[in-house]
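**Q** Here it is, the structure in full.
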Amino acid sequence: MNLENLQEMWKTDSKLDDDLHDNDSLAIPQLHMKYMEFHNTYSLMKKDRELEMKRLLKEKWLYYKGKAPASVYKEMPFDLKLTAKDEISMFIEADEDVQKIQYKIDYIEQVLFFLDGVLRMINNRTYHIKNAIEWKRFQNGF
């Protein structure tokens, strides 16, 4: 499930039925559980990616510092001698593997931001339903 799929799903789930507000009201717990499951899944995915990033940063630090096992340098030679912290940091930040994982973490954070908004809307849904009912009463002269 990706962000685009979640957005399409929410487009459908966010609609209120003008005539059946009681059904909309009864569906709130199921909607909340549905999107809470997605939120929990993505929260755990983020934790996994953050742990993966920490392991990778350690490996890359050893690699760029010149302290990785010799077998690593046979596969991927690195002839520069980096001594300053900022040099090592620059190479680590520019490393393609690090950038890929950082992109994944950023993507998951965006999904979580979206899901937080959806959950807030679901939590406020009773107010939206109440307002819709009151508006209908007003239009009908009650």
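The way I read the labels, and the way they are meant: chains A, B, ... in the order of the structure tokens, residue 1 as the first residue of every chain, and ligand 1 as the first ligand shown, with later ones counted on from there.
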Which residues, written as a PyMOL selection string, have at least one atom at most 8 Å from stretch 24-30 of chain A, with only C-alpha atoms counted and residues fewer than 3 positions away on the same chain left out?
**A** chain A and resi 16-17+20-21+33-34+122-123+125-126+129
**Q** How about saving the chosen residues, all heavy atoms kept, as an mmCIF file, in the first residue's frame?
**A**
data_model
loop_
_atom_site.group_PDB
_atom_site.id
_atom_site.type_symbol
_atom_site.label_atom_id
_atom_site.label_comp_id
_atom_site.auth_asym_id
_atom_site.auth_seq_id
_atom_site.Cartn_x
_atom_site.Cartn_y
_atom_site.Cartn_z
ATOM 1 N N LEU A 16 -19.446 11.665 2.917
ATOM 2 C CA LEU A 16 -20.600 11.442 3.779
ATOM 3 C C LEU A 16 -21.841 11.301 2.913
ATOM 4 O O LEU A 16 -22.004 12.029 1.931
ATOM 5 C CB LEU A 16 -20.783 12.612 4.745
ATOM 6 C CG LEU A 16 -19.696 12.799 5.796
ATOM 7 C CD1 LEU A 16 -19.940 14.083 6.584
ATOM 8 C CD2 LEU A 16 -19.643 11.612 6.732
ATOM 9 N N ASP A 17 -22.720 10.384 3.285
ATOM 10 C CA ASP A 17 -23.976 10.198 2.571
ATOM 11 C C ASP A 17 -24.976 11.222 3.081
ATOM 12 O O ASP A 17 -25.261 11.282 4.283
ATOM 13 C CB ASP A 17 -24.492 8.773 2.800
ATOM 14 C CG ASP A 17 -25.663 8.430 1.908
ATOM 15 O OD1 ASP A 17 -26.331 9.355 1.399
ATOM 16 O OD2 ASP A 17 -25.914 7.229 1.717
ATOM 17 N N LEU A 20 -28.008 9.262 4.740
ATOM 18 C CA LEU A 20 -27.816 8.192 5.737
ATOM 19 C C LEU A 20 -26.713 8.549 6.727
ATOM 20 O O LEU A 20 -25.701 7.855 6.835
ATOM 21 C CB LEU A 20 -27.493 6.871 5.022
ATOM 22 C CG LEU A 20 -28.546 6.360 4.039
ATOM 23 C CD1 LEU A 20 -28.039 5.167 3.279
ATOM 24 C CD2 LEU A 20 -29.840 6.008 4.785
ATOM 25 N N HIS A 21 -26.920 9.611 7.473
ATOM 26 C CA HIS A 21 -25.910 10.029 8.442
ATOM 27 C C HIS A 21 -25.766 9.031 9.580
ATOM 28 O O HIS A 21 -24.700 8.949 10.199
ATOM 29 C CB HIS A 21 -26.228 11.414 8.988
ATOM 30 C CG HIS A 21 -26.083 12.499 7.966
ATOM 31 N ND1 HIS A 21 -24.893 12.745 7.324
ATOM 32 C CD2 HIS A 21 -26.983 13.379 7.466
ATOM 33 C CE1 HIS A 21 -25.047 13.739 6.476
ATOM 34 N NE2 HIS A 21 -26.314 14.140 6.535
ATOM 35 N N MET A 33 -10.294 2.221 12.803
ATOM 36 C CA MET A 33 -9.459 1.021 12.909
ATOM 37 C C MET A 33 -8.705 0.756 11.606
ATOM 38 O O MET A 33 -7.519 0.406 11.627
ATOM 39 C CB MET A 33 -10.323 -0.190 13.287
ATOM 40 C CG MET A 33 -9.533 -1.435 13.559
ATOM 41 S SD MET A 33 -8.404 -1.139 14.938
ATOM 42 C CE MET A 33 -7.190 -2.372 14.622
ATOM 43 N N LYS A 34 -9.371 0.939 10.495
ATOM 44 C CA LYS A 34 -8.755 0.714 9.186
ATOM 45 C C LYS A 34 -7.510 1.590 9.009
ATOM 46 O O LYS A 34 -6.426 1.102 8.672
ATOM 47 C CB LYS A 34 -9.778 1.014 8.095
ATOM 48 C CG LYS A 34 -9.266 0.921 6.687
ATOM 49 C CD LYS A 34 -10.393 1.281 5.719
ATOM 50 C CE LYS A 34 -9.976 1.270 4.293
ATOM 51 N NZ LYS A 34 -11.090 1.603 3.377
ATOM 52 N N ILE A 122 -11.283 11.661 10.949
ATOM 53 C CA ILE A 122 -12.190 10.610 11.426
ATOM 54 C C ILE A 122 -12.627 10.920 12.855
ATOM 55 O O ILE A 122 -13.805 10.761 13.205
ATOM 56 C CB ILE A 122 -11.525 9.222 11.315
ATOM 57 C CG1 ILE A 122 -11.356 8.837 9.842
ATOM 58 C CG2 ILE A 122 -12.346 8.167 12.063
ATOM 59 C CD1 ILE A 122 -10.509 7.608 9.600
ATOM 60 N N ASN A 123 -11.690 11.366 13.691
ATOM 61 C CA ASN A 123 -12.034 11.695 15.071
ATOM 62 C C ASN A 123 -13.023 12.858 15.148
ATOM 63 O O ASN A 123 -13.826 12.921 16.076
ATOM 64 C CB ASN A 123 -10.775 12.037 15.873
ATOM 65 C CG ASN A 123 -9.933 10.817 16.164
ATOM 66 O OD1 ASN A 123 -10.427 9.685 16.190
ATOM 67 N ND2 ASN A 123 -8.655 11.027 16.380
ATOM 68 N N ARG A 125 -15.298 13.451 12.815
ATOM 69 C CA ARG A 125 -16.397 13.159 11.903
ATOM 70 C C ARG A 125 -17.766 13.346 12.542
ATOM 71 O O ARG A 125 -18.718 13.755 11.873
ATOM 72 C CB ARG A 125 -16.246 11.730 11.384
ATOM 73 C CG ARG A 125 -16.991 11.508 10.092
ATOM 74 C CD ARG A 125 -16.428 10.340 9.372
ATOM 75 N NE ARG A 125 -16.587 10.611 7.957
ATOM 76 C CZ ARG A 125 -16.670 9.691 7.048
ATOM 77 N NH1 ARG A 125 -16.537 8.435 7.374
ATOM 78 N NH2 ARG A 125 -16.827 10.015 5.792
ATOM 79 N N THR A 126 -17.885 13.054 13.815
ATOM 80 C CA THR A 126 -19.187 13.227 14.469
ATOM 81 C C THR A 126 -19.629 14.685 14.406
ATOM 82 O O THR A 126 -20.815 14.970 14.233
ATOM 83 C CB THR A 126 -19.146 12.761 15.938
ATOM 84 O OG1 THR A 126 -18.088 13.439 16.621
ATOM 85 C CG2 THR A 126 -18.957 11.261 16.038
ATOM 86 N N ILE A 129 -20.911 15.356 10.881
ATOM 87 C CA ILE A 129 -22.241 14.763 10.695
ATOM 88 C C ILE A 129 -23.286 15.614 11.413
ATOM 89 O O ILE A 129 -24.354 15.902 10.856
ATOM 90 C CB ILE A 129 -22.253 13.302 11.199
ATOM 91 C CG1 ILE A 129 -21.364 12.434 10.280
ATOM 92 C CG2 ILE A 129 -23.665 12.749 11.266
ATOM 93 C CD1 ILE A 129 -21.096 11.043 10.805
#
**Q** Find the residues around A:Trp61 up to 12 Å (only C-alpha atoms counted), leave out those fewer than 2 positions away in its own chain, and share them as a ChimeraX atom specification.
**A** /A:53-59,63-68,82-93,95,98
**Q** From stretch 29-81 of chain A, collect each residue whose DSSP state is alpha helix (DSSP H) and return the set as a ChimeraX atom specification.
**A** /A:29-65,70-75
**Q** Return the single residue from A:Glu4, A:Asn23, A:Phe38, A:Leu51 that is closest to A:Ile101, with distances computed using only C-alpha atoms.
**A** A:Leu51
**Q** Using only C-alpha atoms, which residue out of A:Asn131, A:Gln102, A:Asn2, A:Asn124 lies closest to A:Ser14?
**A**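 Using only C-alpha atoms, the shortest distance to A:Ser14 belongs to A:Asn124.
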**Q** Smallest atom-to-atom distance to A:Leu31: which of A:Arg120, A:Asp97, A:Ser71, A:Glu52, using only C-alpha atoms?
**A**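 Smallest distance to A:Leu31 is found for A:Arg120.
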**Q** Quick one: everything within 7 Å of stretch 103-108 of chain A, counting only C-alpha atoms, minus sequence neighbours fewer than 6 positions away in the same chain. Send it as a PyMOL selection string.
**A** chain A and resi 42+46+49
**Q** Residues within 12 Å of A:Met1, please, as a list in words. Count only C-alpha atoms; anything in the same chain fewer than 5 positions from it doesn't count.
**A** Leu6, Gln7, Glu8, Met9, Tyr35, Glu37, Phe38, His39, Thr41, Tyr42, Ile108 and Val111 of chain A
**Q** Take the selection from the previous step and output its residues with N, CA and C atoms, as a PDB file, in the first residue's frame.
**A**
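The file below, again_27.pdb, is the result:
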ATOM      1  N   LEU A   6      -3.490   5.033  -0.654  1.00  0.00           N
ATOM      2  CA  LEU A   6      -4.149   5.525   0.563  1.00  0.00           C
ATOM      3  C   LEU A   6      -4.975   6.777   0.274  1.00  0.00           C
ATOM      4  N   GLN A   7      -4.444   7.666  -0.556  1.00  0.00           N
ATOM      5  CA  GLN A   7      -5.177   8.887  -0.896  1.00  0.00           C
ATOM      6  C   GLN A   7      -6.452   8.563  -1.669  1.00  0.00           C
ATOM      7  N   GLU A   8      -6.355   7.637  -2.609  1.00  0.00           N
ATOM      8  CA  GLU A   8      -7.544   7.236  -3.366  1.00  0.00           C
ATOM      9  C   GLU A   8      -8.579   6.585  -2.449  1.00  0.00           C
ATOM     10  N   MET A   9      -8.115   5.759  -1.534  1.00  0.00           N
ATOM     11  CA  MET A   9      -9.010   5.096  -0.594  1.00  0.00           C
ATOM     12  C   MET A   9      -9.718   6.134   0.280  1.00  0.00           C
ATOM     13  N   TYR A  35      -7.671   2.877   9.276  1.00  0.00           N
ATOM     14  CA  TYR A  35      -6.548   3.798   9.063  1.00  0.00           C
ATOM     15  C   TYR A  35      -5.533   3.739  10.206  1.00  0.00           C
ATOM     16  N   GLU A  37      -4.625   0.910  11.566  1.00  0.00           N
ATOM     17  CA  GLU A  37      -3.789  -0.232  11.168  1.00  0.00           C
ATOM     18  C   GLU A  37      -2.714   0.214  10.176  1.00  0.00           C
ATOM     19  N   PHE A  38      -3.109   1.036   9.202  1.00  0.00           N
ATOM     20  CA  PHE A  38      -2.127   1.567   8.255  1.00  0.00           C
ATOM     21  C   PHE A  38      -1.074   2.401   8.985  1.00  0.00           C
ATOM     22  N   HIS A  39      -1.521   3.231   9.908  1.00  0.00           N
ATOM     23  CA  HIS A  39      -0.606   4.087  10.667  1.00  0.00           C
ATOM     24  C   HIS A  39       0.385   3.239  11.462  1.00  0.00           C
ATOM     25  N   THR A  41       1.323   0.145  10.842  1.00  0.00           N
ATOM     26  CA  THR A  41       2.210  -0.542   9.899  1.00  0.00           C
ATOM     27  C   THR A  41       3.327   0.380   9.443  1.00  0.00           C
ATOM     28  N   TYR A  42       2.960   1.599   9.056  1.00  0.00           N
ATOM     29  CA  TYR A  42       3.976   2.542   8.579  1.00  0.00           C
ATOM     30  C   TYR A  42       4.883   3.027   9.709  1.00  0.00           C
ATOM     31  N   ILE A 108       8.007   7.498   4.092  1.00  0.00           N
ATOM     32  CA  ILE A 108       7.189   6.946   5.172  1.00  0.00           C
ATOM     33  C   ILE A 108       6.694   8.067   6.084  1.00  0.00           C
ATOM     34  N   VAL A 111       3.745   9.616   4.434  1.00  0.00           N
ATOM     35  CA  VAL A 111       2.564   8.762   4.578  1.00  0.00           C
ATOM     36  C   VAL A 111       1.988   8.907   5.986  1.00  0.00           C
TER      37      VAL A 111
END
**Q** Give me, please, the distance in Å between atom CA of A:Lys15 and atom CA of A:Glu109, quoted to one decimal.
**A** 25.3 Å
**Q** Could you check how far atom CA of A:Lys130 sits from atom CA of A:Phe142, in Å to one decimal?
**A**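 Taking atom CA of A:Lys130 and atom CA of A:Phe142, their separation equals 14.6 Å.
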**Q** If I take atom CA of A:Glu134 and atom CA of A:Lys11, how far is one from the other in Å, to one decimal?
**A**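 So the two atoms, atom CA of A:Glu134 and atom CA of A:Lys11, lie 24.0 Å apart.
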